[in-house]
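For reference, coords_33.cif (mmCIF, C-alpha atoms):
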```cif
data_my_file
#
loop_
_atom_site.group_PDB
_atom_site.id
_atom_site.type_symbol
_atom_site.label_atom_id
_atom_site.label_comp_id
_atom_site.auth_asym_id
_atom_site.auth_seq_id
_atom_site.Cartn_x
_atom_site.Cartn_y
_atom_site.Cartn_z
ATOM 1 C CA MET A 1 0.000 0.000 0.000
ATOM 2 C CA ASN A 2 1.215 3.480 -0.843
ATOM 3 C CA ASP A 3 2.372 5.395 2.205
ATOM 4 C CA GLU A 4 1.016 8.666 0.834
ATOM 5 C CA ASP A 5 -2.567 7.401 1.164
ATOM 6 C CA LEU A 6 -2.278 7.126 4.900
ATOM 7 C CA PRO A 7 -3.114 9.763 7.472
ATOM 8 C CA GLN A 8 -0.162 11.310 9.282
ATOM 9 C CA SER A 9 -0.615 9.305 12.495
ATOM 10 C CA GLU A 10 -0.351 5.946 10.719
ATOM 11 C CA ARG A 11 2.644 6.905 8.616
ATOM 12 C CA GLU A 12 4.565 7.370 11.848
ATOM 13 C CA ASP A 13 4.068 3.739 12.939
ATOM 14 C CA PRO A 14 7.713 2.601 12.638
ATOM 15 C CA ARG A 15 9.092 5.495 14.642
ATOM 16 C CA ARG A 16 6.332 5.310 17.254
ATOM 17 C CA GLU A 17 6.821 1.567 17.682
ATOM 18 C CA PHE A 18 10.602 1.943 17.898
ATOM 19 C CA ARG A 19 10.164 4.619 20.569
ATOM 20 C CA HIS A 20 7.889 2.244 22.493
ATOM 21 C CA ILE A 21 10.462 -0.542 22.527
ATOM 22 C CA LEU A 22 13.194 1.889 23.574
ATOM 23 C CA MET A 23 10.977 3.205 26.395
ATOM 24 C CA GLY A 24 10.422 -0.397 27.495
ATOM 25 C CA LEU A 25 14.158 -1.041 27.679
ATOM 26 C CA ALA A 26 14.860 2.260 29.453
ATOM 27 C CA SER A 27 12.077 1.945 32.048
ATOM 28 C CA ALA A 28 12.901 -1.706 32.772
ATOM 29 C CA SER A 29 16.618 -0.863 33.172
ATOM 30 C CA VAL A 30 15.953 2.014 35.561
ATOM 31 C CA LEU A 31 13.450 0.027 37.652
ATOM 32 C CA THR A 32 15.780 -2.987 37.810
ATOM 33 C CA ALA A 33 18.768 -0.844 38.816
ATOM 34 C CA LEU A 34 16.678 0.802 41.550
ATOM 35 C CA ALA A 35 15.535 -2.597 42.848
ATOM 36 C CA PHE A 36 19.117 -3.906 42.949
ATOM 37 C CA PHE A 37 20.244 -0.759 44.751
ATOM 38 C CA LEU A 38 17.528 -1.229 47.406
ATOM 39 C CA ALA A 39 18.367 -4.920 47.899
ATOM 40 C CA VAL A 40 22.112 -4.273 48.242
ATOM 41 C CA ALA A 41 22.215 -0.960 50.165
ATOM 42 C CA LYS A 42 19.178 -1.823 52.358
ATOM 43 C CA PRO A 43 18.266 1.818 53.142
ATOM 44 C CA LEU A 44 14.884 0.772 54.646
ATOM 45 C CA ALA A 45 13.700 -1.524 57.425
ATOM 46 C CA THR A 46 13.087 -5.075 56.149
ATOM 47 C CA GLY A 47 9.285 -4.855 55.951
ATOM 48 C CA TRP A 48 9.324 -1.600 53.984
ATOM 49 C CA LEU A 49 12.191 -2.870 51.843
ATOM 50 C CA LEU A 50 10.245 -5.973 50.773
ATOM 51 C CA ALA A 51 7.140 -3.862 50.097
ATOM 52 C CA ALA A 52 9.175 -1.416 47.985
ATOM 53 C CA LEU A 53 10.777 -4.259 45.988
ATOM 54 C CA GLY A 54 7.362 -5.843 45.370
ATOM 55 C CA GLY A 55 5.982 -2.474 44.271
ATOM 56 C CA LEU A 56 8.882 -1.910 41.865
ATOM 57 C CA ALA A 57 8.304 -5.380 40.367
ATOM 58 C CA LEU A 58 4.607 -4.633 39.788
ATOM 59 C CA VAL A 59 5.446 -1.289 38.148
ATOM 60 C CA GLN A 60 8.027 -2.955 35.898
ATOM 61 C CA ILE A 61 5.614 -5.745 34.924
ATOM 62 C CA ALA A 62 2.997 -3.118 34.014
ATOM 63 C CA ALA A 63 5.632 -1.153 32.036
ATOM 64 C CA GLN A 64 6.711 -4.255 30.104
ATOM 65 C CA PHE A 65 3.093 -5.137 29.296
ATOM 66 C CA ARG A 66 2.622 -1.566 28.072
ATOM 67 C CA PHE A 67 5.806 -1.066 26.054
ATOM 68 C CA PHE A 68 6.905 -4.557 24.969
ATOM 69 C CA LEU A 69 3.550 -6.318 24.627
ATOM 70 C CA HIS A 70 1.653 -3.166 23.618
ATOM 71 C CA VAL A 71 -1.293 -3.905 25.887
ATOM 72 C CA ASP A 72 -2.989 -0.620 26.623
ATOM 73 C CA LEU A 73 -6.386 0.524 27.768
ATOM 74 C CA LYS A 74 -7.286 2.594 24.702
ATOM 75 C CA LYS A 75 -6.318 0.882 21.451
ATOM 76 C CA SER A 76 -6.611 -2.742 22.575
ATOM 77 C CA HIS A 77 -9.246 -5.005 21.176
ATOM 78 C CA ARG A 78 -11.865 -5.530 23.905
ATOM 79 C CA ASP A 79 -11.586 -9.346 24.118
ATOM 80 C CA ASP A 80 -7.832 -9.287 24.584
ATOM 81 C CA LEU A 81 -7.922 -6.649 27.272
ATOM 82 C CA GLN A 82 -10.612 -8.564 29.149
ATOM 83 C CA LEU A 83 -8.571 -11.762 28.811
ATOM 84 C CA VAL A 84 -5.493 -10.086 30.288
ATOM 85 C CA LEU A 85 -7.446 -8.439 33.091
ATOM 86 C CA PHE A 86 -9.302 -11.676 33.900
ATOM 87 C CA ALA A 87 -5.993 -13.585 33.997
ATOM 88 C CA GLY A 88 -4.713 -10.911 36.390
ATOM 89 C CA LEU A 89 -7.766 -11.431 38.606
ATOM 90 C CA VAL A 90 -7.379 -15.246 38.550
ATOM 91 C CA ILE A 91 -3.695 -14.922 39.442
ATOM 92 C CA ALA A 92 -4.388 -12.492 42.299
ATOM 93 C CA LEU A 93 -7.087 -14.810 43.730
ATOM 94 C CA MET A 94 -5.059 -18.007 43.353
ATOM 95 C CA VAL A 95 -1.755 -16.604 44.604
ATOM 96 C CA GLY A 96 -3.336 -14.634 47.443
ATOM 97 C CA GLY A 97 -5.518 -17.594 48.431
ATOM 98 C CA SER A 98 -2.662 -20.125 48.265
ATOM 99 C CA ILE A 99 -0.338 -18.029 50.376
ATOM 100 C CA TRP A 100 -3.081 -17.304 52.905
ATOM 101 C CA ILE A 101 -4.024 -20.982 53.258
ATOM 102 C CA LEU A 102 -0.441 -22.294 53.356
ATOM 103 C CA PHE A 103 0.618 -19.838 56.062
ATOM 104 C CA ASN A 104 -2.587 -20.462 58.017
ATOM 105 C CA GLN A 105 -2.049 -24.237 57.853
ATOM 106 C CA HIS A 106 1.513 -23.810 59.075
ATOM 107 C CA ALA A 107 0.370 -21.702 62.015
ATOM 108 C CA ARG A 108 -2.177 -24.362 62.986
ATOM 109 C CA MET A 109 0.393 -27.147 62.840
ATOM 110 C CA GLY A 110 2.891 -25.275 65.028
ATOM 111 C CA MET B 1 -9.552 1.346 6.992
ATOM 112 C CA SER B 2 -9.669 -1.442 9.553
ATOM 113 C CA ALA B 3 -6.021 -2.146 8.709
ATOM 114 C CA GLY B 4 -5.207 0.869 10.879
ATOM 115 C CA LYS B 5 -6.953 -0.587 13.907
ATOM 116 C CA ASN B 6 -5.166 -2.841 16.389
ATOM 117 C CA LEU B 7 -6.753 -6.291 16.316
ATOM 118 C CA HIS B 8 -4.656 -7.788 19.108
ATOM 119 C CA PRO B 9 -2.101 -6.669 21.695
ATOM 120 C CA GLY B 10 1.484 -6.706 20.461
ATOM 121 C CA ILE B 11 2.852 -5.294 17.228
ATOM 122 C CA ASN B 12 0.100 -5.472 14.600
ATOM 123 C CA LEU B 13 0.983 -5.968 10.945
ATOM 124 C CA GLY B 14 -1.529 -3.227 10.055
ATOM 125 C CA HIS B 15 -0.897 -1.481 6.747
ATOM 126 C CA SER B 16 2.336 -3.353 6.060
ATOM 127 C CA ASP B 17 0.304 -6.512 5.315
ATOM 128 C CA PRO B 18 -3.473 -5.912 5.569
ATOM 129 C CA ALA B 19 -4.455 -9.515 4.694
ATOM 130 C CA GLY B 20 -1.957 -10.935 7.205
ATOM 131 C CA HIS B 21 -3.214 -8.390 9.715
ATOM 132 C CA HIS B 22 -6.718 -9.902 9.554
ATOM 133 C CA GLN B 23 -5.438 -13.478 9.583
ATOM 134 C CA ALA B 24 -3.508 -12.643 12.717
ATOM 135 C CA GLU B 25 -6.530 -11.812 14.863
ATOM 136 C CA PRO B 26 -7.787 -15.327 15.793
ATOM 137 C CA VAL B 27 -4.345 -16.989 16.034
ATOM 138 C CA MET B 28 -2.933 -14.223 18.192
ATOM 139 C CA PHE B 29 -5.986 -14.309 20.456
ATOM 140 C CA GLY B 30 -5.581 -18.073 20.866
ATOM 141 C CA PHE B 31 -1.932 -17.603 21.716
ATOM 142 C CA TRP B 32 -2.797 -14.965 24.309
ATOM 143 C CA ILE B 33 -5.067 -17.519 26.012
ATOM 144 C CA PHE B 34 -2.111 -19.928 26.193
ATOM 145 C CA LEU B 35 0.186 -17.188 27.505
ATOM 146 C CA MET B 36 -2.208 -16.208 30.256
ATOM 147 C CA SER B 37 -2.687 -19.815 31.386
ATOM 148 C CA ASP B 38 1.098 -20.224 31.381
ATOM 149 C CA LEU B 39 1.284 -17.117 33.555
ATOM 150 C CA VAL B 40 -1.122 -18.777 36.036
ATOM 151 C CA LEU B 41 1.261 -21.770 36.225
ATOM 152 C CA PHE B 42 4.217 -19.522 37.039
ATOM 153 C CA ALA B 43 2.193 -17.510 39.562
ATOM 154 C CA LEU B 44 1.291 -20.703 41.443
ATOM 155 C CA LEU B 45 4.887 -21.972 41.406
ATOM 156 C CA LEU B 46 5.854 -18.593 42.853
ATOM 157 C CA ALA B 47 3.156 -18.849 45.555
ATOM 158 C CA THR B 48 4.440 -22.315 46.482
ATOM 159 C CA TYR B 49 7.974 -20.934 46.560
ATOM 160 C CA SER B 50 7.029 -18.070 48.845
ATOM 161 C CA ALA B 51 5.452 -20.428 51.396
ATOM 162 C CA MET B 52 8.319 -22.928 51.164
ATOM 163 C CA SER B 53 11.062 -20.301 51.446
ATOM 164 C CA VAL B 54 9.679 -19.313 54.856
ATOM 165 C CA HIS B 55 8.476 -22.617 56.346
ATOM 166 C CA GLY B 56 10.148 -25.297 54.206
ATOM 167 C CA VAL B 57 13.852 -24.745 54.908
ATOM 168 C CA ALA B 58 14.065 -27.905 57.107
ATOM 169 C CA GLY B 59 17.323 -26.812 58.753
ATOM 170 C CA GLY B 60 19.101 -26.673 55.381
ATOM 171 C CA PRO B 61 20.248 -23.701 53.291
ATOM 172 C CA GLU B 62 18.069 -20.595 53.554
ATOM 173 C CA PRO B 63 17.159 -18.247 50.680
ATOM 174 C CA ARG B 64 20.044 -15.890 51.545
ATOM 175 C CA ASP B 65 22.526 -18.803 51.386
ATOM 176 C CA VAL B 66 21.601 -19.703 47.816
ATOM 177 C CA THR B 67 21.278 -16.128 46.485
ATOM 178 C CA ASP B 68 24.016 -14.969 44.123
ATOM 179 C CA LEU B 69 23.052 -11.377 43.246
ATOM 180 C CA ALA B 70 25.934 -10.824 40.791
ATOM 181 C CA SER B 71 24.873 -13.822 38.761
ATOM 182 C CA ALA B 72 21.190 -12.816 38.951
ATOM 183 C CA GLY B 73 22.151 -9.318 37.732
ATOM 184 C CA ILE B 74 23.931 -10.676 34.658
ATOM 185 C CA GLU B 75 21.020 -13.023 33.913
ATOM 186 C CA THR B 76 18.568 -10.126 34.229
ATOM 187 C CA ALA B 77 20.626 -7.951 31.867
ATOM 188 C CA LEU B 78 20.896 -10.747 29.281
ATOM 189 C CA LEU B 79 17.170 -11.495 29.334
ATOM 190 C CA LEU B 80 16.093 -7.834 29.296
ATOM 191 C CA LEU B 81 18.410 -7.095 26.355
ATOM 192 C CA SER B 82 17.019 -10.135 24.542
ATOM 193 C CA SER B 83 13.492 -8.818 25.123
ATOM 194 C CA PHE B 84 14.645 -5.567 23.487
ATOM 195 C CA THR B 85 16.282 -7.341 20.538
ATOM 196 C CA ILE B 86 13.181 -9.448 19.865
ATOM 197 C CA GLY B 87 11.216 -6.181 19.905
ATOM 198 C CA MET B 88 13.586 -4.914 17.192
ATOM 199 C CA ALA B 89 13.053 -8.205 15.349
ATOM 200 C CA SER B 90 9.294 -7.524 15.533
ATOM 201 C CA LEU B 91 9.832 -4.203 13.738
ATOM 202 C CA ALA B 92 11.960 -5.960 11.097
ATOM 203 C CA ASN B 93 9.208 -8.579 10.729
ATOM 204 C CA LYS B 94 6.641 -5.852 10.114
ATOM 205 C CA TYR B 95 8.552 -3.395 7.934
ATOM 206 C CA HIS B 96 11.173 -5.391 6.000
ATOM 207 C CA ASP B 97 10.118 -7.962 3.437
ATOM 208 C CA ASP B 98 13.456 -9.653 2.745
ATOM 209 C CA GLY B 99 13.768 -11.321 6.164
ATOM 210 C CA ARG B 100 17.511 -10.646 6.448
ATOM 211 C CA ARG B 101 17.176 -8.042 9.158
ATOM 212 C CA LEU B 102 14.723 -10.293 11.035
ATOM 213 C CA LEU B 103 17.324 -13.084 10.936
ATOM 214 C CA GLN B 104 20.013 -10.782 12.352
ATOM 215 C CA TRP B 105 17.915 -9.605 15.311
ATOM 216 C CA LEU B 106 16.654 -13.139 15.893
ATOM 217 C CA GLY B 107 20.248 -14.421 15.937
ATOM 218 C CA LEU B 108 21.255 -11.789 18.480
ATOM 219 C CA THR B 109 18.227 -12.708 20.638
ATOM 220 C CA ALA B 110 19.200 -16.381 20.504
ATOM 221 C CA VAL B 111 22.801 -15.614 21.541
ATOM 222 C CA LEU B 112 21.541 -13.624 24.563
ATOM 223 C CA GLY B 113 19.104 -16.434 25.411
ATOM 224 C CA ILE B 114 21.866 -19.044 25.255
ATOM 225 C CA GLY B 115 24.021 -16.832 27.508
ATOM 226 C CA PHE B 116 21.155 -16.647 30.000
ATOM 227 C CA LEU B 117 20.743 -20.438 30.028
ATOM 228 C CA ALA B 118 24.512 -20.948 30.428
ATOM 229 C CA MET B 119 24.520 -18.639 33.484
ATOM 230 C CA GLU B 120 21.576 -20.508 34.995
ATOM 231 C CA ALA B 121 23.258 -23.872 34.374
ATOM 232 C CA ARG B 122 26.321 -22.509 36.216
ATOM 233 C CA ASP B 123 24.099 -21.403 39.146
ATOM 234 C CA PHE B 124 22.463 -24.835 39.360
ATOM 235 C CA ALA B 125 25.842 -26.597 39.179
ATOM 236 C CA SER B 126 27.302 -24.506 42.009
ATOM 237 C CA LEU B 127 24.187 -25.101 44.188
ATOM 238 C CA ILE B 128 24.439 -28.845 43.605
ATOM 239 C CA ALA B 129 28.179 -28.764 44.364
ATOM 240 C CA GLU B 130 27.372 -27.142 47.742
ATOM 241 C CA GLY B 131 24.919 -29.945 48.510
ATOM 242 C CA ALA B 132 21.903 -27.623 47.986
ATOM 243 C CA VAL B 133 20.068 -30.237 45.908
ATOM 244 C CA PRO B 134 16.284 -30.280 45.304
ATOM 245 C CA GLN B 135 15.717 -33.250 47.621
ATOM 246 C CA ARG B 136 17.391 -31.432 50.563
ATOM 247 C CA SER B 137 14.283 -29.418 51.573
ATOM 248 C CA GLY B 138 10.862 -28.225 50.419
ATOM 249 C CA PHE B 139 12.393 -24.808 49.876
ATOM 250 C CA LEU B 140 15.073 -26.148 47.517
ATOM 251 C CA SER B 141 12.503 -28.316 45.689
ATOM 252 C CA ALA B 142 10.404 -25.199 45.095
ATOM 253 C CA HIS B 143 13.488 -23.189 44.068
ATOM 254 C CA PHE B 144 14.609 -25.729 41.461
ATOM 255 C CA THR B 145 11.044 -26.298 40.199
ATOM 256 C CA LEU B 146 10.357 -22.589 39.675
ATOM 257 C CA LEU B 147 13.708 -21.721 38.080
ATOM 258 C CA GLY B 148 13.854 -24.989 36.140
ATOM 259 C CA CYS B 149 10.378 -24.416 34.706
ATOM 260 C CA HIS B 150 11.411 -20.933 33.552
ATOM 261 C CA ALA B 151 14.684 -22.257 32.087
ATOM 262 C CA LEU B 152 12.757 -24.968 30.208
ATOM 263 C CA HIS B 153 10.501 -22.271 28.737
ATOM 264 C CA VAL B 154 13.574 -20.311 27.601
ATOM 265 C CA ALA B 155 15.025 -23.488 26.056
ATOM 266 C CA ALA B 156 11.712 -24.110 24.257
ATOM 267 C CA GLY B 157 11.824 -20.537 22.950
ATOM 268 C CA LEU B 158 15.354 -21.114 21.622
ATOM 269 C CA LEU B 159 14.259 -24.330 19.894
ATOM 270 C CA TRP B 160 11.337 -22.408 18.381
ATOM 271 C CA MET B 161 13.787 -19.761 17.120
ATOM 272 C CA ALA B 162 16.011 -22.416 15.537
ATOM 273 C CA VAL B 163 13.038 -23.975 13.710
ATOM 274 C CA LEU B 164 11.868 -20.546 12.538
ATOM 275 C CA VAL B 165 15.343 -19.651 11.253
ATOM 276 C CA LEU B 166 15.487 -22.889 9.225
ATOM 277 C CA GLN B 167 12.031 -22.178 7.779
ATOM 278 C CA LEU B 168 13.024 -18.579 6.988
ATOM 279 C CA MET B 169 16.107 -19.755 5.132
ATOM 280 C CA ALA B 170 14.062 -22.336 3.228
ATOM 281 C CA THR B 171 11.114 -20.181 2.128
ATOM 282 C CA GLY B 172 11.915 -16.533 2.856
ATOM 283 C CA LEU B 173 9.627 -14.335 4.952
ATOM 284 C CA GLU B 174 6.226 -15.814 4.067
ATOM 285 C CA ARG B 175 3.057 -14.636 5.753
ATOM 286 C CA ALA B 176 2.715 -17.845 7.806
ATOM 287 C CA LEU B 177 6.237 -17.315 9.159
ATOM 288 C CA ARG B 178 5.446 -13.676 9.954
ATOM 289 C CA LEU B 179 2.513 -14.777 12.100
ATOM 290 C CA ARG B 180 4.566 -17.535 13.764
ATOM 291 C CA PHE B 181 7.295 -15.052 14.587
ATOM 292 C CA MET B 182 4.743 -12.656 16.151
ATOM 293 C CA ARG B 183 3.682 -15.401 18.562
ATOM 294 C CA LEU B 184 7.296 -16.237 19.371
ATOM 295 C CA ALA B 185 7.924 -12.570 20.206
ATOM 296 C CA LEU B 186 4.952 -12.494 22.622
ATOM 297 C CA PHE B 187 6.196 -15.718 24.251
ATOM 298 C CA TRP B 188 9.709 -14.305 24.671
ATOM 299 C CA HIS B 189 8.512 -10.979 26.130
ATOM 300 C CA MET B 190 6.345 -12.947 28.572
ATOM 301 C CA LEU B 191 9.372 -14.962 29.749
ATOM 302 C CA ASP B 192 11.114 -11.703 30.619
ATOM 303 C CA ILE B 193 8.042 -10.548 32.551
ATOM 304 C CA VAL B 194 8.039 -13.823 34.495
ATOM 305 C CA TRP B 195 11.756 -13.273 35.149
ATOM 306 C CA VAL B 196 11.025 -9.854 36.717
ATOM 307 C CA ALA B 197 8.828 -11.628 39.274
ATOM 308 C CA ILE B 198 11.438 -14.376 39.839
ATOM 309 C CA LEU B 199 14.258 -11.833 40.209
ATOM 310 C CA THR B 200 12.275 -9.880 42.785
ATOM 311 C CA PHE B 201 10.678 -12.616 44.865
ATOM 312 C CA VAL B 202 13.530 -15.140 44.714
ATOM 313 C CA PHE B 203 16.807 -13.230 44.385
ATOM 314 C CA LEU B 204 16.160 -9.707 45.709
ATOM 315 C CA TYR B 205 13.910 -10.964 48.531
ATOM 316 C CA GLY B 206 16.560 -13.597 49.297
ATOM 317 C CA ALA B 207 19.237 -10.903 49.612
ATOM 318 C CA ALA B 208 17.064 -8.376 51.469
ATOM 319 C CA GLY B 209 14.972 -10.610 53.746
#
```

Would you mind writing the file out in structure tokens?
Amino acid sequence: MNDEDLPQSEREDPRREFRHILMGLASASVLTALAFFLAVAKPLATGWLLAALGGLALVQIAAQFRFFLHVDLKKSHRDDLQLVLFAGLVIALMVGGSIWILFNQHARMG
Amino acid sequence: MSAGKNLHPGINLGHSDPAGHHQAEPVMFGFWIFLMSDLVLFALLLATYSAMSVHGVAGGPEPRDVTDLASAGIETALLLLSSFTIGMASLANKYHDDGRRLLQWLGLTAVLGIGFLAMEARDFASLIAEGAVPQRSGFLSAHFTLLGCHALHVAAGLLWMAVLVLQLMATGLERALRLRFMRLALFWHMLDIVWVAILTFVFLYGAAG
């Protein structure tokens, strides 16, 4: 298809997509470096440190979904977005539930 | 007109191949269902790990004893860079018809992936040499199961790349290969996302906790 037929926004696809991938690499690098710094320098009390590391991981996972997998709230096809969100819900329920039950069982056996 | 609309998450072929773009919709959606169920598997292995790393040590090595942050850092860098290079391969897949550039980026991704696996093999070997074997404790069983499952996925991705490269060399960049590559790229990005969780909850938590 001739590029000239396309509106301006679509002609910029290659550059926009390249920028996305670069943003993915940059944000993941910064977040990873920050997480390593926290784990090595230990500037916080253990509880806060673990919470901060978990938070950084969640932010990085969201960033990678956004920039590498191109899942976003606006341009995504409905079904796919619902699939991803439903998988997120299933994972939260199963992981949260498993950890709750396993720790509770351990406490009862002690 | 609908060639300009995204039909699935990930890089869409769009105007570069409108017919392929429409063919991609059902196969990519099916692959997303697989990816999400794979993610559930990893999430549950991680949940098991988190319980075992606290209560399943059985007097043996603890998470901090088996955590090698330098090695984990190199592995993270290799896998993140390979996620970037397969993103560049995705652009080559979409915008270049001759397939040469796709082969170059794919080759670079494979080299980084092999480096990652070699580092992990070294980690496993040094754990086993210290007597930290899977049968030592529930914690070590969970550790080897989680990391081994991820490493197997990476190895499967590398095998997939090798098959794709052979097909590319045999037929050139046909539409079917374009669509297969797009699924491989999603799979590879997902392995890096799983690694972010493993890095945090296994290695960084092991060093910090």

For chain B against chain A, with a cut-off of 7 Å and counting all atoms listed in the file, what is the closest atom pair and its distance in Å to one decimal for every residue that makes the cut, ordered by chain and number, as a Markdown table?
```
| residue | atom | partner | partner_atom | distance |
| --- | --- | --- | --- | --- |
| B:Asn6 | CA | A:Ser76 | CA | 6.4 |
| B:Leu7 | CA | A:His77 | CA | 5.6 |
| B:His8 | CA | A:His77 | CA | 5.8 |
| B:Pro9 | CA | A:Val71 | CA | 5.1 |
| B:Gly10 | CA | A:Leu69 | CA | 4.7 |
| B:Ile11 | CA | A:His70 | CA | 6.8 |
| B:His15 | CA | A:Met1 | CA | 7.0 |
| B:Phe29 | CA | A:Asp80 | CA | 6.8 |
| B:Met36 | CA | A:Ala87 | CA | 5.9 |
| B:Val40 | CA | A:Ile91 | CA | 5.8 |
| B:Ala43 | CA | A:Ile91 | CA | 6.4 |
| B:Leu44 | CA | A:Val95 | CA | 6.0 |
| B:Ala47 | CA | A:Val95 | CA | 5.5 |
| B:Ala51 | CA | A:Ile99 | CA | 6.3 |
| B:Phe84 | CA | A:Leu25 | CA | 6.2 |
| B:Gly87 | CA | A:Ile21 | CA | 6.3 |
| B:Leu186 | CA | A:Leu69 | CA | 6.6 |
| B:His189 | CA | A:Phe68 | CA | 6.7 |
| B:Ile193 | CA | A:Ile61 | CA | 5.9 |
| B:Val196 | CA | A:Ala57 | CA | 6.4 |
| B:Ala197 | CA | A:Ala57 | CA | 6.4 |
| B:Thr200 | CA | A:Ala57 | CA | 6.5 |
| B:Leu204 | CA | A:Ala39 | CA | 5.7 |
| B:Tyr205 | CA | A:Leu50 | CA | 6.6 |
| B:Ala207 | CA | A:Ala39 | CA | 6.3 |
| B:Ala208 | CA | A:Ala39 | CA | 5.1 |
| B:Gly209 | CA | A:Thr46 | CA | 6.3 |
```

Open item on the list: Please report the interatomic distance between atom CA of Leu168 of chain B and atom CA of Gly115 of chain B in Å with one decimal.
Closed with: 23.3 Å

- [ ] For atom CA of Val111 of chain B and atom CA of Leu79 of chain B, quote the distance in Å rounded to one decimal.
- [x] 10.5 Å

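With atom CA of Phe203 of chain B on one side and atom CA of Thr67 of chain B on the other, the separation reads 5.7 Å.
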
- [ ] Would you write out, as an MDAnalysis selection string, every residue that the PyMOL selection byres ((chain B and resi 131-147) around 10) captures in this file?
- [x] chainID B and resid 41:63 65:66 120 124:130 148:153 195 198 202

Task: Residue nearest Gln167 of chain B among B:Gly73, B:Val154, B:Leu103, B:Ala89 (counting only C-alpha atoms) - done: B:Leu103

Exercise: Leu158 of chain B partners within 9 Å, only C-alpha atoms, chain neighbours under 5 positions left out, as a PDB file with C-alpha atoms, in the coordinates of the input:
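Output saved as selection26.pdb:
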```
ATOM      1  CA  THR B 109      18.227 -12.708  20.638  1.00  0.00           C
ATOM      2  CA  ALA B 110      19.200 -16.381  20.504  1.00  0.00           C
ATOM      3  CA  GLY B 113      19.104 -16.434  25.411  1.00  0.00           C
ATOM      4  CA  ILE B 114      21.866 -19.044  25.255  1.00  0.00           C
ATOM      5  CA  HIS B 153      10.501 -22.271  28.737  1.00  0.00           C
ATOM      6  CA  VAL B 163      13.038 -23.975  13.710  1.00  0.00           C
TER       7      VAL B 163
END
```

Please rebuild segment 84-88 of chain A with all heavy atoms and return the result as an mmCIF file, in the coordinates of the input.
```cif
data_model
loop_
_atom_site.group_PDB
_atom_site.id
_atom_site.type_symbol
_atom_site.label_atom_id
_atom_site.label_comp_id
_atom_site.auth_asym_id
_atom_site.auth_seq_id
_atom_site.Cartn_x
_atom_site.Cartn_y
_atom_site.Cartn_z
ATOM 1 N N VAL A 84 -6.645 -10.410 29.464
ATOM 2 C CA VAL A 84 -5.493 -10.086 30.288
ATOM 3 C C VAL A 84 -5.935 -9.697 31.702
ATOM 4 O O VAL A 84 -5.370 -10.162 32.698
ATOM 5 C CB VAL A 84 -4.667 -8.949 29.639
ATOM 6 C CG1 VAL A 84 -3.569 -8.476 30.579
ATOM 7 C CG2 VAL A 84 -4.067 -9.420 28.325
ATOM 8 N N LEU A 85 -6.975 -8.875 31.772
ATOM 9 C CA LEU A 85 -7.446 -8.439 33.091
ATOM 10 C C LEU A 85 -8.012 -9.614 33.884
ATOM 11 O O LEU A 85 -7.785 -9.741 35.093
ATOM 12 C CB LEU A 85 -8.509 -7.334 32.953
ATOM 13 C CG LEU A 85 -7.985 -6.013 32.382
ATOM 14 C CD1 LEU A 85 -9.128 -5.018 32.186
ATOM 15 C CD2 LEU A 85 -6.911 -5.419 33.280
ATOM 16 N N PHE A 86 -8.745 -10.515 33.208
ATOM 17 C CA PHE A 86 -9.302 -11.676 33.900
ATOM 18 C C PHE A 86 -8.182 -12.588 34.398
ATOM 19 O O PHE A 86 -8.235 -13.091 35.521
ATOM 20 C CB PHE A 86 -10.255 -12.441 32.974
ATOM 21 C CG PHE A 86 -10.864 -13.653 33.619
ATOM 22 C CD1 PHE A 86 -11.736 -13.515 34.698
ATOM 23 C CD2 PHE A 86 -10.546 -14.923 33.185
ATOM 24 C CE1 PHE A 86 -12.283 -14.622 35.324
ATOM 25 C CE2 PHE A 86 -11.090 -16.041 33.810
ATOM 26 C CZ PHE A 86 -11.964 -15.889 34.872
ATOM 27 N N ALA A 87 -7.136 -12.769 33.558
ATOM 28 C CA ALA A 87 -5.993 -13.585 33.997
ATOM 29 C C ALA A 87 -5.355 -12.946 35.229
ATOM 30 O O ALA A 87 -4.978 -13.647 36.175
ATOM 31 C CB ALA A 87 -4.967 -13.722 32.874
ATOM 32 N N GLY A 88 -5.262 -11.612 35.230
ATOM 33 C CA GLY A 88 -4.713 -10.911 36.390
ATOM 34 C C GLY A 88 -5.547 -11.181 37.639
ATOM 35 O O GLY A 88 -5.010 -11.448 38.720
#
```
